[in-house]
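This report refers to the structure that appears directly beneath it.
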Amino acid sequence: MNSKKCSPTNEIKSFASNSPNRLSLDKTKKSTKEADFSLTTKEKKPKAAVATALDSEEIKEKTKKEEKKDSSLSTLPSLEKENNKAIPVLEGSKPAVPKEGEKRVIAIKGPVSVKELAALIGIKPFQLIHHLMEMNIFASMTQLLDEGVIQGVCQRLGITIQTDKKERHAPVHTAPLGKPKAQAPPPQPLSNIKSRAPVVTFMGHVDHGKTSLLDAIRQTKVAAGEAGGITQHIGAYTVVKDGRSITFIDTPGHEAFTAMRARGASITDIVVLVVAADDGVMPQTIEAINHARNAKVPIIVAINKIDLPGANPLRVKSQLQEIGLVPEEYGGDTIFCEVSAIKKIGIDNLLDMILLQAEILELKANYEGNAKARVIESQIEKGRGPTATVIVQSGRLKVGDIVLCGIYYGKVRALIDDTGKNIKEAFPSMPVKVLGLNGAPLPGEELVVEKDEKKVKEIVQERIEALKKDREASLTPKVTLENIFQAIEEGQKKTLNIVLKADVQGSLEALIDQLKKISSQKVDLDIIHSGVGSISESDILLAKAAGGLVIGFNTKTDSAAAALAKREGVQIKLFSVIYELVDQVKEAMSGLLEPELRESIIGTAVVKKVFELSKYKVAGCMVQSGRIIRGGLARVLRGKQPIYDGEVLSLKRFQDEVSEVRMGFECGIRLGNFNDYEPDDIIQCYQLEKVPQSL
């Protein structure tokens with residue numbers, strides 16, 4: 001550098017005589033001035049001339065070194081200068097340069113040590129410790145800082161923080177798990193998106209032949225080499241028809257279907273409603289229809305037992321048409337199939353209709369990537385430990401995967417298919433039994449594959465803590481006829497959903513007619529299910545899923561249902577008089593409306609004389625009507641115009657403080673900070689009442 005400083009002066013003249021070089025010299029002067037190397041006035045001119053001989057990259061490098069040197073001498077000012085630096089993000093993601101004027105943002109996940117936070121912010125650890133000391137927090141470099149402290153120090157430095165904790169983890173009951181939105185996987189290629197088999201659930205009334213029909217389908221479609229049928233029943237199985245698969249869920253009926261829906265699971269694509277041709281539509285048939293409609297699942301009707309002498313399929317069709325399931329032959333959109341499980345009549349046609357409905361639905365799923373599945377049942381088996389029967393919804397589930405399901409996790413030790421064979425991987429719509437979890441998850445929970453076991457353990461811990469909070473919050477009833485207004489005020493409910501049960505069909509029809517007569521343009525009344533008999537667990541689960549109430553008329557509650565209602569926070573109301581039931585429902589519907597503030601006058605008093613005390617004035621009054629209450633709301637009227645509105649701060653009768661003074665008696669009144677009393681003023685005492693609006 002010294003040799004360059006002592007270059008001949010004719011070199012300077014040659015630069016000055018050449019206009020392009022002179023232009024570059026001017027630019028160099030400007031950049032040198034911006035860098036500001038603290039030169040004296042005498043030194044600036046020769047250094048500016050010599051700087052033109054330097055390479056532009058060398059000047060930039062020197063400028064960066066000087067800026068870095070200055071940044072180590074200051075804390076907050078240096079951070080403002082370094083706003084053009086990259087945004088640090090955890091887990092080695094590359095920082096992105098923010099646009100000009102944009103606030104700095106750092107992403108954190110859980111507690112972070114002082115050293116880690118300093119690296120994220122881009123300052124030295126001792127500088128961060130200095131800021132913490134100014135906040136009266138004395139921490140070492142390895143000490144973990146909680147979110148509140150991190151928020152405080154970042155606010156001082158003008159930095160915004162983002163936490164992925166709430167984005168990444170979903171509520172405990174629904175148990176969906178996805179990666180943070182910022183780390184969402186790229187869209188899968190179209191070659192990975194393929195058609196999947198439909199998932200079908202059989203529902204219907206007791207003894208209408210659901211199990212027999214399932215057995216008939218299973219026996220006719222099981223491979224010849226598997227004589228004796230399915231060797232191990234796991235709650236679901238797959239049937240192949242013309243090279244296409246159908247997955248059937250073998251559940252005990254609508255109770256399990258509703259239990260899964262109440263936990264946010266909707267794995268069923270098609271519901272097959274089984275109705276006996278001789279019995280026709282029964283109470284549980286209607287209940288099953290309501291469950292399917294609430295889940296917005298298409299229904300295929302299978303009219304079973306057509307081989308019996310008393311079979312009348314036309315009567316069944318007309319009954320279902322009244323409910324809203326109109327057959328295609330009558331101009332509707334509901335598929336009807338006539339079958340016989342005993343004589344194997346119409347089985348192939350039913351399977352064809354299921355496949356046709358699946359084609360209409362265009363069911364597709366991703367066959368690659370991390371798997372997602374839903375639990376349909378779980379148990380603890382002797383010699384195997386906790387097992388969960390799941391249906392894969394997307395991706396590929398493999399042996400050895402680390403899986404997370406609700407508050408349980410583990411490594412998949414084995415996968416067993418519906419024939420009892422061990423398999424290495426499962427694809428969408430395949431039912432498999434998973435071994436390796438550390439507990440039995442609830443039906444309806446989502447099972448997902450994660451690569452990082454440490455991350456899975458953190459999620460499980462957070463879900464357990466959230467579950468404890470939910471249990472504490474669920475100790476009180478969630479929705480009752482008394483607090484329904486409070487629930488709607490918080491934006492939780494907009495309609496009144498009820499499950500209605502009665503002793504006999506005649507009473508039930510009369511109740512429905514009376515409730516339908518309640519007309520209101522402001523509130524909707526939705527009878528999500530009505531039936532005859534005692535209140536069962538199914539009614540409680542349906543009410544919980546819809547956030548409603550269970551109302552019984554001249555009926556009883558099963559002990560199991562009462563225990564479930566207490567556990568799930570669903571209120572049961574029993575009535576024996578119809579008009580009492582209707583009045584209670586009307587009151588509950590009115591409670592959904594915003595209340596009106598209505599003013600009622602309690603009493604009035606006229607000011608006779610004003611007494612001036614040392615600190616305030618007191619109005620000597622005569623109560624003209626009603627009564628004056630201490631602590632009540634009051635206003636002062638002068639010439640029928642209100643001049644003050646406040647509270648009765650003090651009310652005295654002679655020298656004694658009293659709670660109220662009635663008509664015809666004298667008293668001393670002091671209103672808040674009001675002192676401008678005049679004789680003949682009227683003091684009006686009133687109260688505000690929240691009155692429910694009428695329907």
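In the structure tokens, chains take the letters A, B, ... in the order shown, each chain's residues start at 1, and ligands count up from 1 in the order shown.
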
Give one line per residue of stretch 381-401 of chain A that approaches stretch 370-373 of chain A to at most 9 Å, naming the two atoms of the closest pair and their distance in Å to one decimal, counting only C-alpha atoms; sort by chain then ascending residue number and deliver it as a tab-separated table.
residue	atom	partner	partner_atom	distance
A:Val390	CA	A:Ala373	CA	6.0
A:Ile391	CA	A:Ala373	CA	5.4
A:Val392	CA	A:Ala373	CA	4.1
A:Gln393	CA	A:Ala373	CA	5.0
A:Ser394	CA	A:Lys372	CA	5.3
A:Gly395	CA	A:Ala371	CA	3.9
A:Arg396	CA	A:Ala371	CA	4.8
A:Leu397	CA	A:Ala371	CA	5.1
A:Lys398	CA	A:Ala371	CA	8.4
A:Asp401	CA	A:Asn370	CA	8.9

Go ahead and save the residues from that selection, with N, CA and C atoms, as an mmCIF file, in the first residue's frame.
data_model
loop_
_atom_site.group_PDB
_atom_site.id
_atom_site.type_symbol
_atom_site.label_atom_id
_atom_site.label_comp_id
_atom_site.auth_asym_id
_atom_site.auth_seq_id
_atom_site.Cartn_x
_atom_site.Cartn_y
_atom_site.Cartn_z
ATOM 1 N N VAL A 390 -55.757 -49.453 11.837
ATOM 2 C CA VAL A 390 -55.845 -48.162 11.148
ATOM 3 C C VAL A 390 -56.189 -48.397 9.686
ATOM 4 N N ILE A 391 -56.722 -47.351 9.061
ATOM 5 C CA ILE A 391 -56.904 -47.319 7.620
ATOM 6 C C ILE A 391 -56.032 -46.195 7.084
ATOM 7 N N VAL A 392 -55.122 -46.531 6.204
ATOM 8 C CA VAL A 392 -54.192 -45.548 5.645
ATOM 9 C C VAL A 392 -54.966 -44.609 4.724
ATOM 10 N N GLN A 393 -54.766 -43.312 4.912
ATOM 11 C CA GLN A 393 -55.458 -42.306 4.101
ATOM 12 C C GLN A 393 -54.573 -41.751 2.989
ATOM 13 N N SER A 394 -53.281 -41.629 3.248
ATOM 14 C CA SER A 394 -52.358 -41.154 2.220
ATOM 15 C C SER A 394 -50.952 -41.595 2.588
ATOM 16 N N GLY A 395 -50.077 -41.639 1.569
ATOM 17 C CA GLY A 395 -48.698 -42.007 1.812
ATOM 18 C C GLY A 395 -48.503 -43.515 1.906
ATOM 19 N N ARG A 396 -47.316 -43.896 2.383
ATOM 20 C CA ARG A 396 -46.938 -45.309 2.479
ATOM 21 C C ARG A 396 -46.452 -45.586 3.898
ATOM 22 N N LEU A 397 -47.160 -46.463 4.613
ATOM 23 C CA LEU A 397 -46.802 -46.831 5.985
ATOM 24 C C LEU A 397 -45.916 -48.070 5.938
ATOM 25 N N LYS A 398 -44.713 -47.965 6.536
ATOM 26 C CA LYS A 398 -43.731 -49.041 6.453
ATOM 27 C C LYS A 398 -43.310 -49.494 7.838
ATOM 28 N N ASP A 401 -41.100 -47.320 10.638
ATOM 29 C CA ASP A 401 -41.434 -45.895 10.701
ATOM 30 C C ASP A 401 -41.684 -45.467 12.141
#

* Find the residues near A:Lys522: any atom within 10 Å, counting only C-alpha atoms, skip ones fewer than 3 places away on the same chain, and give them as a PyMOL selection string. => chain A and resi 494-495+519+589-590+592-593+693-695

* To do: Have a look at A:Val460, A:Ala216, A:Ile121, A:Met282 and name the one nearest to A:Asp348; count only C-alpha atoms.
  =>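 Between A:Val460, A:Ala216, A:Ile121, A:Met282, the residue approaching A:Asp348 most closely is A:Ala216.
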
* To do: Give me the residues within 7 Å of stretch 600-613 of chain A as a ChimeraX atom specification, counting only C-alpha atoms and dropping any in the same chain fewer than 5 places off.
  => /A:618-628,677-688

Could those residues be written to a file, using N, CA and C atoms, as a PDB file, in the first residue's frame?
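Generated output (part_31.pdb):
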ATOM      1  N   VAL A 618     -74.667  17.829  49.862  1.00  0.00           N
ATOM      2  CA  VAL A 618     -75.656  16.765  50.029  1.00  0.00           C
ATOM      3  C   VAL A 618     -77.026  17.352  49.758  1.00  0.00           C
ATOM      4  N   ALA A 619     -77.840  16.593  49.018  1.00  0.00           N
ATOM      5  CA  ALA A 619     -79.200  17.041  48.691  1.00  0.00           C
ATOM      6  C   ALA A 619     -80.175  16.467  49.700  1.00  0.00           C
ATOM      7  N   GLY A 620     -80.884  17.380  50.409  1.00  0.00           N
ATOM      8  CA  GLY A 620     -81.945  16.942  51.295  1.00  0.00           C
ATOM      9  C   GLY A 620     -83.214  16.729  50.483  1.00  0.00           C
ATOM     10  N   CYS A 621     -83.724  15.522  50.481  1.00  0.00           N
ATOM     11  CA  CYS A 621     -84.794  15.152  49.556  1.00  0.00           C
ATOM     12  C   CYS A 621     -85.979  14.541  50.282  1.00  0.00           C
ATOM     13  N   MET A 622     -87.106  14.552  49.552  1.00  0.00           N
ATOM     14  CA  MET A 622     -88.311  13.851  49.969  1.00  0.00           C
ATOM     15  C   MET A 622     -88.627  12.824  48.878  1.00  0.00           C
ATOM     16  N   VAL A 623     -88.743  11.554  49.267  1.00  0.00           N
ATOM     17  CA  VAL A 623     -89.029  10.496  48.298  1.00  0.00           C
ATOM     18  C   VAL A 623     -90.492  10.597  47.890  1.00  0.00           C
ATOM     19  N   GLN A 624     -90.722  10.814  46.604  1.00  0.00           N
ATOM     20  CA  GLN A 624     -92.085  11.002  46.104  1.00  0.00           C
ATOM     21  C   GLN A 624     -92.756   9.693  45.711  1.00  0.00           C
ATOM     22  N   SER A 625     -91.965   8.755  45.144  1.00  0.00           N
ATOM     23  CA  SER A 625     -92.556   7.485  44.714  1.00  0.00           C
ATOM     24  C   SER A 625     -91.494   6.399  44.785  1.00  0.00           C
ATOM     25  N   GLY A 626     -91.966   5.171  44.981  1.00  0.00           N
ATOM     26  CA  GLY A 626     -91.056   4.036  45.009  1.00  0.00           C
ATOM     27  C   GLY A 626     -90.073   4.102  46.154  1.00  0.00           C
ATOM     28  N   ARG A 627     -88.803   3.883  45.835  1.00  0.00           N
ATOM     29  CA  ARG A 627     -87.765   3.890  46.870  1.00  0.00           C
ATOM     30  C   ARG A 627     -86.426   4.272  46.234  1.00  0.00           C
ATOM     31  N   ILE A 628     -85.561   4.835  47.051  1.00  0.00           N
ATOM     32  CA  ILE A 628     -84.205   5.194  46.649  1.00  0.00           C
ATOM     33  C   ILE A 628     -83.255   4.180  47.282  1.00  0.00           C
ATOM     34  N   TYR A 677     -76.359  20.636  42.978  1.00  0.00           N
ATOM     35  CA  TYR A 677     -77.773  20.427  43.304  1.00  0.00           C
ATOM     36  C   TYR A 677     -78.490  21.774  43.391  1.00  0.00           C
ATOM     37  N   GLU A 678     -79.758  21.768  43.022  1.00  0.00           N
ATOM     38  CA  GLU A 678     -80.630  22.927  43.195  1.00  0.00           C
ATOM     39  C   GLU A 678     -81.982  22.453  43.702  1.00  0.00           C
ATOM     40  N   PRO A 679     -82.665  23.298  44.483  1.00  0.00           N
ATOM     41  CA  PRO A 679     -84.010  22.914  44.945  1.00  0.00           C
ATOM     42  C   PRO A 679     -84.924  22.625  43.757  1.00  0.00           C
ATOM     43  N   ASP A 680     -85.831  21.698  43.960  1.00  0.00           N
ATOM     44  CA  ASP A 680     -86.819  21.238  42.964  1.00  0.00           C
ATOM     45  C   ASP A 680     -86.205  20.341  41.887  1.00  0.00           C
ATOM     46  N   ASP A 681     -84.900  20.008  41.992  1.00  0.00           N
ATOM     47  CA  ASP A 681     -84.346  18.988  41.095  1.00  0.00           C
ATOM     48  C   ASP A 681     -84.985  17.639  41.419  1.00  0.00           C
ATOM     49  N   ILE A 682     -85.135  16.817  40.387  1.00  0.00           N
ATOM     50  CA  ILE A 682     -85.694  15.475  40.574  1.00  0.00           C
ATOM     51  C   ILE A 682     -84.542  14.464  40.469  1.00  0.00           C
ATOM     52  N   ILE A 683     -84.408  13.648  41.503  1.00  0.00           N
ATOM     53  CA  ILE A 683     -83.431  12.552  41.477  1.00  0.00           C
ATOM     54  C   ILE A 683     -84.196  11.264  41.213  1.00  0.00           C
ATOM     55  N   GLN A 684     -83.856  10.648  40.106  1.00  0.00           N
ATOM     56  CA  GLN A 684     -84.572   9.449  39.651  1.00  0.00           C
ATOM     57  C   GLN A 684     -83.655   8.238  39.810  1.00  0.00           C
ATOM     58  N   CYS A 685     -84.090   7.286  40.592  1.00  0.00           N
ATOM     59  CA  CYS A 685     -83.311   6.059  40.821  1.00  0.00           C
ATOM     60  C   CYS A 685     -83.856   4.961  39.898  1.00  0.00           C
ATOM     61  N   TYR A 686     -82.954   4.276  39.182  1.00  0.00           N
ATOM     62  CA  TYR A 686     -83.404   3.264  38.215  1.00  0.00           C
ATOM     63  C   TYR A 686     -82.408   2.109  38.190  1.00  0.00           C
ATOM     64  N   GLN A 687     -82.803   1.055  37.499  1.00  0.00           N
ATOM     65  CA  GLN A 687     -81.917  -0.089  37.309  1.00  0.00           C
ATOM     66  C   GLN A 687     -82.035  -0.601  35.874  1.00  0.00           C
ATOM     67  N   LEU A 688     -80.947  -1.172  35.360  1.00  0.00           N
ATOM     68  CA  LEU A 688     -80.912  -1.732  34.011  1.00  0.00           C
ATOM     69  C   LEU A 688     -80.993  -3.249  34.094  1.00  0.00           C
TER      70      LEU A 688
END

* To do: Grab the atom CA of A:Ile306 to atom CA of A:Asp278 distance for me, in Å with one decimal place.
  =>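 The value is 7.8 Å.
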
Write out as a PDB file with C-alpha atoms, in the first residue's frame the set of residues from stretch 404-579 of chain A that DSSP, computed on the backbone, places in alpha helix (DSSP H).
ATOM      1  CA  GLU A 453     -38.040 -38.960  17.334  1.00  0.00           C
ATOM      2  CA  LYS A 454     -36.989 -36.024  19.520  1.00  0.00           C
ATOM      3  CA  LYS A 455     -39.568 -33.829  17.838  1.00  0.00           C
ATOM      4  CA  VAL A 456     -42.238 -36.522  18.354  1.00  0.00           C
ATOM      5  CA  LYS A 457     -41.527 -36.676  22.085  1.00  0.00           C
ATOM      6  CA  GLU A 458     -41.882 -32.882  22.360  1.00  0.00           C
ATOM      7  CA  ILE A 459     -45.233 -32.996  20.576  1.00  0.00           C
ATOM      8  CA  VAL A 460     -46.495 -35.793  22.837  1.00  0.00           C
ATOM      9  CA  GLN A 461     -45.516 -33.835  25.942  1.00  0.00           C
ATOM     10  CA  GLU A 462     -47.363 -30.745  24.711  1.00  0.00           C
ATOM     11  CA  ARG A 463     -50.456 -32.785  23.883  1.00  0.00           C
ATOM     12  CA  ILE A 464     -50.504 -34.360  27.329  1.00  0.00           C
ATOM     13  CA  GLU A 465     -50.384 -30.893  28.903  1.00  0.00           C
ATOM     14  CA  ALA A 466     -53.164 -29.675  26.595  1.00  0.00           C
ATOM     15  CA  LEU A 467     -55.244 -32.748  27.482  1.00  0.00           C
ATOM     16  CA  LYS A 468     -54.930 -31.926  31.190  1.00  0.00           C
ATOM     17  CA  LYS A 469     -56.209 -28.399  30.524  1.00  0.00           C
ATOM     18  CA  ASP A 470     -59.105 -29.760  28.470  1.00  0.00           C
ATOM     19  CA  ARG A 471     -60.100 -32.118  31.263  1.00  0.00           C
ATOM     20  CA  GLU A 472     -60.108 -29.284  33.765  1.00  0.00           C
ATOM     21  CA  ALA A 473     -62.235 -27.174  31.435  1.00  0.00           C
ATOM     22  CA  ILE A 484     -76.584 -21.462  26.288  1.00  0.00           C
ATOM     23  CA  PHE A 485     -76.724 -17.663  26.032  1.00  0.00           C
ATOM     24  CA  GLN A 486     -73.220 -17.381  27.393  1.00  0.00           C
ATOM     25  CA  ALA A 487     -72.057 -19.963  24.860  1.00  0.00           C
ATOM     26  CA  ILE A 488     -73.553 -18.087  21.920  1.00  0.00           C
ATOM     27  CA  GLU A 489     -72.144 -14.818  23.233  1.00  0.00           C
ATOM     28  CA  GLN A 505     -94.150 -42.856  18.940  1.00  0.00           C
ATOM     29  CA  GLY A 506     -97.384 -40.879  19.377  1.00  0.00           C
ATOM     30  CA  SER A 507     -95.862 -38.592  22.002  1.00  0.00           C
ATOM     31  CA  LEU A 508     -92.752 -38.154  19.868  1.00  0.00           C
ATOM     32  CA  GLU A 509     -94.796 -37.058  16.842  1.00  0.00           C
ATOM     33  CA  ALA A 510     -96.799 -34.626  18.990  1.00  0.00           C
ATOM     34  CA  LEU A 511     -93.591 -33.139  20.432  1.00  0.00           C
ATOM     35  CA  ILE A 512     -92.031 -32.711  16.992  1.00  0.00           C
ATOM     36  CA  ASP A 513     -95.188 -30.998  15.728  1.00  0.00           C
ATOM     37  CA  GLN A 514     -95.194 -28.603  18.693  1.00  0.00           C
ATOM     38  CA  LEU A 515     -91.502 -27.774  18.318  1.00  0.00           C
ATOM     39  CA  LYS A 516     -91.871 -27.181  14.590  1.00  0.00           C
ATOM     40  CA  GLU A 537     -74.919 -43.692  24.748  1.00  0.00           C
ATOM     41  CA  SER A 538     -75.486 -43.154  21.032  1.00  0.00           C
ATOM     42  CA  ASP A 539     -77.720 -40.168  21.791  1.00  0.00           C
ATOM     43  CA  ILE A 540     -75.024 -38.658  24.015  1.00  0.00           C
ATOM     44  CA  LEU A 541     -72.342 -39.106  21.361  1.00  0.00           C
ATOM     45  CA  LEU A 542     -74.548 -37.570  18.685  1.00  0.00           C
ATOM     46  CA  ALA A 543     -75.350 -34.573  20.901  1.00  0.00           C
ATOM     47  CA  LYS A 544     -71.659 -34.104  21.684  1.00  0.00           C
ATOM     48  CA  ALA A 545     -70.726 -34.252  18.010  1.00  0.00           C
ATOM     49  CA  ALA A 546     -73.299 -31.549  17.187  1.00  0.00           C
ATOM     50  CA  SER A 559     -76.790 -45.724  33.530  1.00  0.00           C
ATOM     51  CA  ALA A 560     -74.020 -45.999  30.934  1.00  0.00           C
ATOM     52  CA  ALA A 561     -75.454 -43.015  29.033  1.00  0.00           C
ATOM     53  CA  ALA A 562     -75.643 -40.934  32.222  1.00  0.00           C
ATOM     54  CA  ALA A 563     -72.007 -41.682  32.999  1.00  0.00           C
ATOM     55  CA  LEU A 564     -70.976 -40.851  29.439  1.00  0.00           C
ATOM     56  CA  ALA A 565     -72.952 -37.579  29.514  1.00  0.00           C
ATOM     57  CA  LYS A 566     -71.211 -36.556  32.721  1.00  0.00           C
ATOM     58  CA  ARG A 567     -67.843 -37.439  31.261  1.00  0.00           C
ATOM     59  CA  GLU A 568     -68.426 -35.698  27.928  1.00  0.00           C
ATOM     60  CA  ILE A 578     -95.332 -31.238  26.979  1.00  0.00           C
ATOM     61  CA  TYR A 579     -95.849 -27.494  27.473  1.00  0.00           C
TER      62      TYR A 579
END
